[in-house]
>>> print(open('model_38.tsv').read())   # TSV, C-alpha atoms
chain	number	residue	atom	x	y	z
A	24	MET	CA	-183.02	-71.38	94.39
A	25	LYS	CA	-179.92	-69.28	93.80
A	26	LEU	CA	-178.03	-71.37	96.36
A	27	LYS	CA	-179.15	-74.56	94.63
A	28	VAL	CA	-177.92	-73.32	91.26
A	29	ALA	CA	-174.60	-72.27	92.78
A	30	TRP	CA	-174.12	-75.78	94.16
A	31	LEU	CA	-174.99	-77.36	90.81
A	32	VAL	CA	-172.52	-75.16	88.96
A	33	LEU	CA	-169.82	-75.75	91.59
A	34	LEU	CA	-170.36	-79.52	91.36
A	35	SER	CA	-170.05	-79.36	87.57
A	36	LEU	CA	-166.81	-77.40	87.82
A	37	MET	CA	-165.35	-79.87	90.33
A	38	ILE	CA	-166.20	-82.87	88.13
A	39	VAL	CA	-164.65	-81.25	85.07
A	40	LEU	CA	-161.56	-80.18	87.02
A	41	LEU	CA	-160.97	-83.70	88.33
A	42	PHE	CA	-161.45	-85.11	84.85
A	43	SER	CA	-158.96	-82.60	83.39
A	44	LEU	CA	-156.40	-83.36	86.07
A	45	SER	CA	-156.69	-87.08	85.40
A	46	LEU	CA	-155.96	-86.44	81.71
A	47	ALA	CA	-153.05	-84.17	82.55
A	48	ALA	CA	-151.51	-86.87	84.73
A	49	GLN	CA	-151.28	-89.29	81.82
A	50	THR	CA	-147.66	-88.40	81.09
A	51	ALA	CA	-145.03	-90.55	82.75
A	52	THR	CA	-141.39	-90.28	83.73
A	53	LEU	CA	-139.14	-93.24	83.03
A	54	SER	CA	-135.97	-93.53	85.10
A	55	GLY	CA	-133.42	-96.10	86.15
A	56	THR	CA	-129.73	-96.92	86.46
A	57	ALA	CA	-127.28	-98.13	83.84
A	58	THR	CA	-124.79	-100.62	85.35
A	59	ASP	CA	-122.38	-103.33	84.22
A	60	ALA	CA	-122.53	-107.00	85.23
A	61	LYS	CA	-120.74	-106.24	88.53
A	62	GLY	CA	-123.23	-103.55	89.47
A	63	LYS	CA	-120.89	-100.66	88.72
A	64	PRO	CA	-122.80	-97.62	87.46
A	65	ILE	CA	-121.90	-96.48	83.95
A	66	ALA	CA	-121.36	-92.74	84.13
A	67	ASN	CA	-122.63	-90.67	81.21
A	68	ALA	CA	-124.14	-93.74	79.51
A	69	ALA	CA	-126.16	-92.89	76.41
A	70	VAL	CA	-129.71	-94.12	76.98
A	71	THR	CA	-132.01	-94.36	73.97
A	72	LEU	CA	-135.78	-94.77	74.11
A	73	LYS	CA	-137.46	-95.46	70.79
A	74	PRO	CA	-141.27	-95.22	70.47
A	75	ALA	CA	-143.25	-97.50	68.20
A	76	THR	CA	-143.52	-94.59	65.76
A	77	GLY	CA	-141.43	-91.47	65.58
A	78	ALA	CA	-137.87	-90.51	66.33
A	79	PRO	CA	-135.96	-91.95	69.30
A	80	ILE	CA	-135.26	-89.94	72.45
A	81	GLU	CA	-131.70	-89.98	73.75
A	82	VAL	CA	-130.51	-88.82	77.16
A	83	HIS	CA	-127.28	-89.25	79.10
A	84	ALA	CA	-126.99	-90.75	82.56
A	85	ASP	CA	-125.36	-88.78	85.35
A	86	ALA	CA	-122.11	-89.67	87.17
A	87	ASP	CA	-123.95	-92.38	89.12
A	88	GLY	CA	-125.42	-93.97	86.00
A	89	ASN	CA	-128.91	-92.66	86.71
A	90	TYR	CA	-131.03	-91.55	83.76
A	91	ARG	CA	-134.40	-89.84	83.59
A	92	ILE	CA	-136.78	-89.36	80.63
A	93	PRO	CA	-139.82	-87.16	81.44
A	94	ASP	CA	-143.10	-86.34	79.69
A	95	LEU	CA	-143.68	-89.71	78.03
A	96	ALA	CA	-147.03	-90.58	76.55
A	97	PRO	CA	-148.35	-94.06	77.37
A	98	GLY	CA	-147.35	-96.66	74.80
A	99	GLU	CA	-144.80	-99.24	73.71
A	100	TYR	CA	-141.10	-98.29	73.62
A	101	THR	CA	-137.71	-99.95	73.11
A	102	LEU	CA	-134.99	-99.06	75.64
A	103	SER	CA	-131.25	-99.50	75.11
A	104	ALA	CA	-128.00	-98.00	76.42
A	105	SER	CA	-124.29	-97.85	75.68
A	106	GLY	CA	-121.14	-96.45	77.23
A	107	GLU	CA	-117.51	-97.28	78.15
A	108	GLY	CA	-117.34	-99.93	75.43
A	109	LEU	CA	-120.45	-101.65	76.77
A	110	SER	CA	-123.93	-102.00	75.35
A	111	SER	CA	-127.26	-103.39	76.43
A	112	LYS	CA	-129.70	-105.48	74.54
A	113	ALA	CA	-132.92	-103.77	73.50
A	114	ILE	CA	-135.62	-103.97	76.17
A	115	LYS	CA	-139.32	-103.71	75.43
A	116	VAL	CA	-140.90	-101.19	77.81
A	117	THR	CA	-144.59	-100.46	78.23
A	118	VAL	CA	-145.14	-96.97	79.58
A	119	THR	CA	-148.43	-96.71	81.45
A	120	THR	CA	-150.31	-93.80	83.02
A	121	ALA	CA	-148.38	-94.25	86.28
A	122	PRO	CA	-146.48	-91.00	86.84
A	123	ARG	CA	-143.14	-92.68	87.66
A	124	GLN	CA	-141.72	-95.94	86.31
A	125	THR	CA	-138.31	-97.50	86.82
A	126	VAL	CA	-136.37	-99.71	84.42
A	127	ASP	CA	-132.69	-100.47	85.06
A	128	VAL	CA	-130.36	-101.24	82.16
A	129	LEU	CA	-127.56	-103.85	82.22
A	130	LEU	CA	-124.58	-103.18	79.96
A	131	VAL	CA	-122.19	-105.92	78.85
A	132	PRO	CA	-119.28	-106.08	76.41
A	133	GLU	CA	-120.60	-105.82	72.89
A	134	GLN	CA	-119.15	-109.21	71.90
A	135	GLU	CA	-121.38	-110.86	74.52
A	136	LEU	CA	-124.55	-109.50	72.94
A	137	PRO	CA	-126.44	-111.77	70.56
A	138	SER	CA	-125.12	-111.07	67.11
A	139	ALA	CA	-127.53	-109.80	64.51
A	140	PRO	CA	-127.95	-111.92	61.39
A	141	GLN	CA	-125.52	-110.92	58.70
A	142	ALA	CA	-126.92	-109.62	55.46
A	143	ALA	CA	-126.01	-111.41	52.28
A	144	PRO	CA	-123.18	-109.71	50.39
A	145	SER	CA	-124.32	-107.55	47.55
A	146	SER	CA	-122.48	-106.31	44.54
A	147	ALA	CA	-124.64	-103.21	44.37
A	148	PRO	CA	-122.96	-100.01	45.53
A	149	ALA	CA	-123.92	-98.89	49.02
A	150	SER	CA	-126.24	-95.93	49.33
A	151	PRO	CA	-124.52	-92.79	50.55
A	152	SER	CA	-124.91	-92.15	54.27
A	153	LEU	CA	-125.92	-88.79	55.72
A	154	GLN	CA	-122.29	-88.24	56.68
A	155	ASP	CA	-121.33	-88.86	53.04
A	156	LEU	CA	-123.77	-86.11	52.06
A	157	GLY	CA	-122.03	-83.57	54.30
A	158	PHE	CA	-124.02	-83.79	57.54
A	159	SER	CA	-122.02	-83.99	60.75
A	160	SER	CA	-122.73	-86.68	63.36
A	161	GLU	CA	-124.14	-83.97	65.66
A	162	GLN	CA	-126.64	-82.97	62.98
A	163	THR	CA	-127.77	-86.52	62.32
A	164	GLN	CA	-128.23	-87.44	66.00
A	165	GLY	CA	-131.60	-86.84	67.61
A	166	ASN	CA	-131.95	-83.83	69.87
A	167	ALA	CA	-133.17	-85.29	73.17
A	168	GLN	CA	-134.63	-82.00	74.40
A	169	LEU	CA	-136.46	-81.41	71.12
A	170	GLN	CA	-137.84	-84.96	71.12
A	171	ALA	CA	-139.07	-84.53	74.69
A	172	THR	CA	-140.69	-81.23	73.70
A	173	LEU	CA	-142.38	-82.87	70.73
A	174	ALA	CA	-143.64	-85.73	72.88
A	175	LYS	CA	-145.05	-83.36	75.51
A	176	ARG	CA	-146.65	-81.10	72.90
A	177	THR	CA	-148.23	-84.08	71.16
A	178	HIS	CA	-149.68	-85.40	74.40
A	179	MET	CA	-151.04	-82.02	75.51
A	180	LEU	CA	-152.62	-81.33	72.11
A	181	LYS	CA	-154.24	-84.78	72.12
A	182	THR	CA	-155.70	-83.96	75.54
A	183	HIS	CA	-156.84	-80.60	74.16
A	184	GLN	CA	-158.54	-82.43	71.30
A	185	LYS	CA	-160.29	-84.90	73.61
A	186	LEU	CA	-161.58	-82.20	75.94
A	187	GLY	CA	-162.59	-80.05	72.96
A	188	LEU	CA	-164.73	-82.83	71.49
A	189	ILE	CA	-166.25	-83.65	74.89
A	190	THR	CA	-167.17	-79.95	75.30
A	191	VAL	CA	-169.48	-80.25	72.29
A	192	ILE	CA	-171.87	-82.47	74.30
A	193	PRO	CA	-172.79	-80.06	77.15
A	194	MET	CA	-172.57	-77.12	74.71
A	195	ALA	CA	-175.22	-78.66	72.45
A	196	ALA	CA	-177.35	-79.57	75.47
A	197	THR	CA	-177.09	-76.00	76.76
A	198	LEU	CA	-178.30	-74.61	73.43
A	199	ILE	CA	-181.17	-77.10	73.33
A	200	THR	CA	-182.35	-76.29	76.85
A	201	GLY	CA	-181.99	-72.54	76.32
A	202	PRO	CA	-185.54	-71.94	75.02
A	203	GLN	CA	-187.01	-73.85	77.99
A	204	ALA	CA	-185.16	-71.53	80.38
A	205	LYS	CA	-186.70	-68.35	78.97
A	206	ALA	CA	-189.73	-66.47	80.13
A	207	LYS	CA	-192.33	-66.99	77.39
A	208	GLY	CA	-193.88	-63.55	77.44
A	209	ARG	CA	-197.10	-62.10	78.76
A	210	ASN	CA	-200.20	-64.22	79.13
A	211	GLY	CA	-203.23	-62.38	80.44
A	212	GLY	CA	-201.11	-59.55	81.82
A	213	THR	CA	-198.61	-61.79	83.59
A	214	ILE	CA	-195.26	-63.16	82.51
A	215	LYS	CA	-195.09	-66.92	82.21
A	216	GLU	CA	-192.02	-67.95	84.18
A	217	PRO	CA	-189.72	-70.85	83.28
A	218	THR	CA	-189.65	-73.69	85.77
A	219	THR	CA	-186.96	-73.79	88.42
A	220	ALA	CA	-185.77	-77.14	87.11
A	221	ASN	CA	-185.27	-75.74	83.60
A	222	LEU	CA	-183.29	-72.76	84.87
A	223	ASP	CA	-181.15	-74.90	87.17
A	224	PHE	CA	-180.43	-77.53	84.53
A	225	HIS	CA	-179.58	-74.93	81.88
A	226	ALA	CA	-177.27	-73.08	84.30
A	227	ALA	CA	-175.50	-76.31	85.31
A	228	LEU	CA	-174.95	-77.28	81.65
A	229	GLY	CA	-173.59	-73.82	80.94
A	230	GLY	CA	-171.17	-74.09	83.86
A	231	ALA	CA	-169.97	-77.51	82.71
A	232	THR	CA	-169.50	-76.22	79.16
A	233	THR	CA	-167.46	-73.25	80.35
A	234	ALA	CA	-165.27	-75.38	82.62
A	235	LEU	CA	-164.59	-77.95	79.89
A	236	TYR	CA	-163.90	-75.27	77.32
A	237	PHE	CA	-161.27	-73.49	79.40
A	238	SER	CA	-159.74	-76.81	80.46
A	239	ALA	CA	-159.30	-77.66	76.77
A	240	ALA	CA	-157.91	-74.19	76.10
A	241	TYR	CA	-155.38	-74.61	78.93
A	242	PHE	CA	-153.77	-77.65	77.28
A	243	ALA	CA	-153.52	-75.84	73.92
A	244	ILE	CA	-152.03	-72.69	75.44
A	245	ARG	CA	-149.60	-74.53	77.73
A	246	ALA	CA	-148.38	-76.99	75.09
A	247	PRO	CA	-144.69	-76.20	74.49
A	248	ARG	CA	-143.89	-74.52	71.19
A	249	VAL	CA	-141.52	-76.12	68.69
A	250	PRO	CA	-139.12	-73.54	67.20
A	251	ASP	CA	-138.99	-72.89	63.45
A	252	THR	CA	-142.30	-74.58	62.66
A	253	LYS	CA	-144.97	-72.94	60.53
A	254	LYS	CA	-148.69	-73.48	60.88
A	255	HIS	CA	-150.76	-74.01	57.77
A	256	GLY	CA	-154.13	-75.08	56.45
A	257	GLY	CA	-156.80	-76.04	58.92
A	258	ILE	CA	-154.61	-75.25	61.94
A	259	ARG	CA	-154.51	-71.59	60.96
A	260	TRP	CA	-158.30	-71.48	60.61
A	261	HIS	CA	-158.66	-73.38	63.88
A	262	GLU	CA	-156.57	-70.83	65.77
A	263	ALA	CA	-158.12	-67.82	64.00
A	264	LEU	CA	-161.62	-68.91	65.02
A	265	ALA	CA	-160.45	-69.03	68.64
A	266	PHE	CA	-160.54	-65.22	68.56
A	267	VAL	CA	-164.30	-65.54	68.00
A	268	HIS	CA	-165.36	-68.38	70.30
A	269	GLY	CA	-162.81	-67.47	73.01
A	270	PRO	CA	-164.34	-64.05	73.83
A	271	GLY	CA	-167.76	-65.61	73.23
A	272	MET	CA	-167.16	-68.20	75.95
A	273	ILE	CA	-166.28	-65.37	78.36
A	274	LEU	CA	-169.22	-63.18	77.42
A	275	THR	CA	-171.86	-65.93	77.24
A	276	PRO	CA	-171.84	-66.92	80.95
A	277	ILE	CA	-171.76	-63.24	81.98
A	278	LEU	CA	-174.83	-62.45	79.90
A	279	GLY	CA	-176.35	-65.74	81.03
A	280	ALA	CA	-175.99	-64.77	84.68
A	281	MET	CA	-177.66	-61.43	83.96
A	282	ALA	CA	-180.48	-63.13	82.04
A	283	TYR	CA	-180.85	-65.70	84.82
A	284	ASN	CA	-181.38	-63.03	87.45
A	285	GLN	CA	-184.00	-61.35	85.28
A	286	GLU	CA	-185.76	-64.65	84.53
A	287	ASN	CA	-185.59	-65.59	88.20
A	288	ASN	CA	-187.39	-62.36	89.05
A	289	GLY	CA	-190.19	-63.27	86.66
A	290	GLU	CA	-189.01	-60.83	83.99
A	291	LYS	CA	-188.26	-61.43	80.36
A	292	ALA	CA	-184.55	-61.00	79.59
A	293	HIS	CA	-183.98	-57.43	78.50
A	294	GLY	CA	-181.13	-55.04	77.73
A	295	ILE	CA	-177.77	-56.52	76.87
A	296	ALA	CA	-178.79	-59.73	78.68
A	297	ALA	CA	-181.30	-60.34	75.87
A	298	GLN	CA	-178.33	-60.99	73.56
A	299	HIS	CA	-177.26	-64.01	75.64
A	300	GLY	CA	-178.80	-66.47	73.18
A	301	THR	CA	-177.36	-64.73	70.09
A	302	VAL	CA	-173.85	-64.65	71.54
A	303	ALA	CA	-174.17	-68.30	72.59
A	304	TYR	CA	-175.20	-69.38	69.07
A	305	VAL	CA	-172.42	-67.39	67.39
A	306	THR	CA	-169.91	-68.86	69.85
A	307	ALA	CA	-171.16	-72.40	69.22
A	308	ILE	CA	-171.02	-71.94	65.43
A	309	ALA	CA	-167.45	-70.60	65.59
A	310	TYR	CA	-166.47	-73.44	67.93
A	311	GLY	CA	-167.99	-76.09	65.69
A	312	THR	CA	-166.34	-74.56	62.62
A	313	SER	CA	-162.95	-74.61	64.34
A	314	ILE	CA	-163.37	-78.34	64.98
A	315	VAL	CA	-164.38	-78.96	61.37
A	316	ALA	CA	-161.35	-76.95	60.22
A	317	VAL	CA	-158.94	-79.58	61.59
A	318	SER	CA	-161.17	-82.58	60.93
A	319	TRP	CA	-162.65	-82.12	57.48
A	320	PRO	CA	-160.68	-83.98	54.77
A	321	ILE	CA	-160.00	-80.95	52.58
A	322	HIS	CA	-156.77	-80.35	50.71
A	323	TRP	CA	-156.03	-77.10	52.50
A	324	LYS	CA	-153.19	-76.15	50.17
A	325	PHE	CA	-155.93	-75.41	47.60
A	326	TRP	CA	-157.16	-72.60	49.82
A	327	GLU	CA	-153.65	-71.27	50.41
A	328	LYS	CA	-152.88	-70.64	46.74
>>> encode(input="model_38.tsv", output="structure tokens")
Amino acid sequence: MKLKVAWLVLLSLMIVLLFSLSLAAQTATLSGTATDAKGKPIANAAVTLKPATGAPIEVHADADGNYRIPDLAPGEYTLSASGEGLSSKAIKVTVTTAPRQTVDVLLVPEQELPSAPQAAPSSAPASPSLQDLGFSSEQTQGNAQLQATLAKRTHMLKTHQKLGLITVIPMAATLITGPQAKAKGRNGGTIKEPTTANLDFHAALGGATTALYFSAAYFAIRAPRVPDTKKHGGIRWHEALAFVHGPGMILTPILGAMAYNQENNGEKAHGIAAQHGTVAYVTAIAYGTSIVAVSWPIHWKFWEK
């Protein structure tokens, strides 16, 4: 029976690992070459990729006109380029889950591009630009590295969120099946043993929960940090509660393994193993609260006063 349980747990871990890897592979790298009408590469061309929402990402091509934009989340983008007095028209690009995608950019003299409709003259004074307000052009231009970091962090935290919510399902099932996996006590001088199926199923659910939990934690821990940003409100509660459910998710399977061996020998869980259920419930409550902390529509600034 022990071998059967080991195979069930191993199978659960493999399924979760493959699922996590498939989510991790959902970032893409967009690359290509910026050339003129004669096929000459445009060295150091400024390539701009603008997402449907958010700030644009700008990179520069190398000496051969090749550009590369990594860590892109799937979605709709607009690609354009300029350099050496040439510009390209905006190209609609759909980034998919394919790890590598290629889109070349053709640059032509600006006068050959379709002209944008001219705005009607207005007698109202023009609004001051950022340069008029004292910001340099370097300060007003997007930081390509920062934008790439933001895009990667956003994607990894979304994956963390998805895996975290999925973890709730086997976690709840593990708690529900817990009582059926316990020895019920003495009946006529003998201990009533749980069925093999109950023990195996409970152990497999626990293994799946643990694997999903640490997969979700991986994406949160490995998400790149953005400098000079402060966490507030529900995020602070969410991370603080991790110091409760994190150790709990380590301790629960250890105590569970001890309790399993005792139950498998026809004994009622005793010693520290008897606290397996209590630790599991505390861990689940802290985990659920951490999810509510970033989901519940509360004005968190009220709590920060």
>>> closest_residue(input="model_38.tsv", among="A:His268, A:His261, A:His183, A:Lys112", to="Tyr241 of chain A", atoms="only C-alpha atoms")
A:His183
>>> residues_around(input="model_38.tsv", residues="segment 86-98 of chain A", least_positions_apart="4", cutoff="9 Å", atoms="all atoms listed in the file", output="PDB file with C-alpha atoms, in the coordinates of the input")
ATOM      1  CA  GLN A  49    -151.280 -89.290  81.820  1.00  0.00           C
ATOM      2  CA  THR A  50    -147.660 -88.400  81.090  1.00  0.00           C
ATOM      3  CA  ALA A  51    -145.030 -90.550  82.750  1.00  0.00           C
ATOM      4  CA  THR A  52    -141.390 -90.280  83.730  1.00  0.00           C
ATOM      5  CA  LEU A  53    -139.140 -93.240  83.030  1.00  0.00           C
ATOM      6  CA  SER A  54    -135.970 -93.530  85.100  1.00  0.00           C
ATOM      7  CA  GLY A  55    -133.420 -96.100  86.150  1.00  0.00           C
ATOM      8  CA  THR A  56    -129.730 -96.920  86.460  1.00  0.00           C
ATOM      9  CA  ALA A  57    -127.280 -98.130  83.840  1.00  0.00           C
ATOM     10  CA  THR A  58    -124.790-100.620  85.350  1.00  0.00           C
ATOM     11  CA  LYS A  63    -120.890-100.660  88.720  1.00  0.00           C
ATOM     12  CA  PRO A  64    -122.800 -97.620  87.460  1.00  0.00           C
ATOM     13  CA  ILE A  65    -121.900 -96.480  83.950  1.00  0.00           C
ATOM     14  CA  ALA A  66    -121.360 -92.740  84.130  1.00  0.00           C
ATOM     15  CA  ASN A  67    -122.630 -90.670  81.210  1.00  0.00           C
ATOM     16  CA  ALA A  68    -124.140 -93.740  79.510  1.00  0.00           C
ATOM     17  CA  ALA A  69    -126.160 -92.890  76.410  1.00  0.00           C
ATOM     18  CA  VAL A  70    -129.710 -94.120  76.980  1.00  0.00           C
ATOM     19  CA  LEU A  72    -135.780 -94.770  74.110  1.00  0.00           C
ATOM     20  CA  PRO A  74    -141.270 -95.220  70.470  1.00  0.00           C
ATOM     21  CA  ALA A  75    -143.250 -97.500  68.200  1.00  0.00           C
ATOM     22  CA  ILE A  80    -135.260 -89.940  72.450  1.00  0.00           C
ATOM     23  CA  GLU A  81    -131.700 -89.980  73.750  1.00  0.00           C
ATOM     24  CA  VAL A  82    -130.510 -88.820  77.160  1.00  0.00           C
ATOM     25  CA  VAL A 116    -140.900-101.190  77.810  1.00  0.00           C
ATOM     26  CA  THR A 117    -144.590-100.460  78.230  1.00  0.00           C
ATOM     27  CA  VAL A 118    -145.140 -96.970  79.580  1.00  0.00           C
ATOM     28  CA  THR A 119    -148.430 -96.710  81.450  1.00  0.00           C
ATOM     29  CA  THR A 120    -150.310 -93.800  83.020  1.00  0.00           C
ATOM     30  CA  ALA A 121    -148.380 -94.250  86.280  1.00  0.00           C
ATOM     31  CA  ARG A 123    -143.140 -92.680  87.660  1.00  0.00           C
ATOM     32  CA  ASP A 127    -132.690-100.470  85.060  1.00  0.00           C
ATOM     33  CA  ALA A 171    -139.070 -84.530  74.690  1.00  0.00           C
ATOM     34  CA  THR A 172    -140.690 -81.230  73.700  1.00  0.00           C
ATOM     35  CA  ALA A 174    -143.640 -85.730  72.880  1.00  0.00           C
ATOM     36  CA  LYS A 175    -145.050 -83.360  75.510  1.00  0.00           C
ATOM     37  CA  THR A 177    -148.230 -84.080  71.160  1.00  0.00           C
ATOM     38  CA  HIS A 178    -149.680 -85.400  74.400  1.00  0.00           C
TER      39      HIS A 178
END
>>> atom_distance(input="model_38.tsv", atom1="atom CA of Glu99 of chain A", atom2="atom CA of Leu180 of chain A")
19.6 Å
>>> closest_residue(input="model_38.tsv", among="A:Val317, A:Ala280, A:Leu228, A:Ala234", to="Leu264 of chain A", atoms="only C-alpha atoms")
A:Val317
>>> closest_residue(input="model_38.tsv", among="A:Phe242, A:Tyr283, A:Glu290, A:Gly257", to="Ala227 of chain A", atoms="all atoms listed in the file")
A:Tyr283
>>> atom_distance(input="model_38.tsv", atom1="atom CA of Thr101 of chain A", atom2="atom CA of Gly77 of chain A")
11.9 Å
>>> closest_residue(input="model_38.tsv", among="A:Gly106, A:Ile258, A:Val302, A:Ser238", to="Gly187 of chain A", atoms="all atoms listed in the file")
A:Ser238
>>> build_atoms(input="model_38.tsv", residues="segment 261-282 of chain A", atoms="N, CA and C atoms", output="mmCIF file, keeping the file's coordinate frame")
data_model
loop_
_atom_site.group_PDB
_atom_site.id
_atom_site.type_symbol
_atom_site.label_atom_id
_atom_site.label_comp_id
_atom_site.auth_asym_id
_atom_site.auth_seq_id
_atom_site.Cartn_x
_atom_site.Cartn_y
_atom_site.Cartn_z
ATOM 1 N N HIS A 261 -158.297 -72.939 62.535
ATOM 2 C CA HIS A 261 -158.660 -73.380 63.880
ATOM 3 C C HIS A 261 -158.261 -72.320 64.919
ATOM 4 N N GLU A 262 -157.051 -71.810 64.801
ATOM 5 C CA GLU A 262 -156.570 -70.830 65.770
ATOM 6 C C GLU A 262 -157.219 -69.459 65.542
ATOM 7 N N ALA A 263 -157.488 -69.111 64.276
ATOM 8 C CA ALA A 263 -158.120 -67.820 64.000
ATOM 9 C C ALA A 263 -159.534 -67.765 64.589
ATOM 10 N N LEU A 264 -160.258 -68.875 64.491
ATOM 11 C CA LEU A 264 -161.620 -68.910 65.020
ATOM 12 C C LEU A 264 -161.655 -68.836 66.548
ATOM 13 N N ALA A 265 -160.517 -69.140 67.176
ATOM 14 C CA ALA A 265 -160.450 -69.030 68.640
ATOM 15 C C ALA A 265 -160.659 -67.588 69.087
ATOM 16 N N PHE A 266 -160.338 -66.628 68.211
ATOM 17 C CA PHE A 266 -160.540 -65.220 68.560
ATOM 18 C C PHE A 266 -162.019 -64.841 68.498
ATOM 19 N N VAL A 267 -162.853 -65.756 67.990
ATOM 20 C CA VAL A 267 -164.300 -65.540 68.000
ATOM 21 C C VAL A 267 -164.931 -66.296 69.172
ATOM 22 N N HIS A 268 -164.687 -67.625 69.236
ATOM 23 C CA HIS A 268 -165.360 -68.380 70.300
ATOM 24 C C HIS A 268 -164.712 -68.190 71.668
ATOM 25 N N GLY A 269 -163.446 -67.742 71.714
ATOM 26 C CA GLY A 269 -162.810 -67.470 73.010
ATOM 27 C C GLY A 269 -163.521 -66.341 73.756
ATOM 28 N N PRO A 270 -163.592 -65.124 73.152
ATOM 29 C CA PRO A 270 -164.340 -64.050 73.830
ATOM 30 C C PRO A 270 -165.809 -64.419 74.031
ATOM 31 N N GLY A 271 -166.360 -65.204 73.093
ATOM 32 C CA GLY A 271 -167.760 -65.610 73.230
ATOM 33 C C GLY A 271 -167.988 -66.459 74.464
ATOM 34 N N MET A 272 -167.018 -67.344 74.779
ATOM 35 C CA MET A 272 -167.160 -68.200 75.950
ATOM 36 C C MET A 272 -166.980 -67.417 77.251
ATOM 37 N N ILE A 273 -166.379 -66.246 77.177
ATOM 38 C CA ILE A 273 -166.280 -65.370 78.360
ATOM 39 C C ILE A 273 -167.558 -64.570 78.513
ATOM 40 N N LEU A 274 -168.050 -64.043 77.379
ATOM 41 C CA LEU A 274 -169.220 -63.180 77.420
ATOM 42 C C LEU A 274 -170.514 -63.947 77.668
ATOM 43 N N THR A 275 -170.612 -65.163 77.115
ATOM 44 C CA THR A 275 -171.860 -65.930 77.240
ATOM 45 C C THR A 275 -172.270 -66.183 78.684
ATOM 46 N N PRO A 276 -171.388 -66.697 79.565
ATOM 47 C CA PRO A 276 -171.840 -66.920 80.950
ATOM 48 C C PRO A 276 -172.142 -65.621 81.700
ATOM 49 N N ILE A 277 -171.460 -64.522 81.318
ATOM 50 C CA ILE A 277 -171.760 -63.240 81.980
ATOM 51 C C ILE A 277 -173.181 -62.782 81.620
ATOM 52 N N LEU A 278 -173.477 -62.822 80.319
ATOM 53 C CA LEU A 278 -174.830 -62.450 79.900
ATOM 54 C C LEU A 278 -175.858 -63.448 80.427
ATOM 55 N N GLY A 279 -175.444 -64.726 80.509
ATOM 56 C CA GLY A 279 -176.350 -65.740 81.030
ATOM 57 C C GLY A 279 -176.710 -65.491 82.481
ATOM 58 N N ALA A 280 -175.717 -65.071 83.271
ATOM 59 C CA ALA A 280 -175.990 -64.770 84.680
ATOM 60 C C ALA A 280 -176.952 -63.588 84.806
ATOM 61 N N MET A 281 -176.752 -62.589 83.933
ATOM 62 C CA MET A 281 -177.660 -61.430 83.960
ATOM 63 C C MET A 281 -179.081 -61.847 83.559
ATOM 64 N N ALA A 282 -179.167 -62.666 82.493
ATOM 65 C CA ALA A 282 -180.480 -63.130 82.040
ATOM 66 C C ALA A 282 -181.131 -64.016 83.103
#
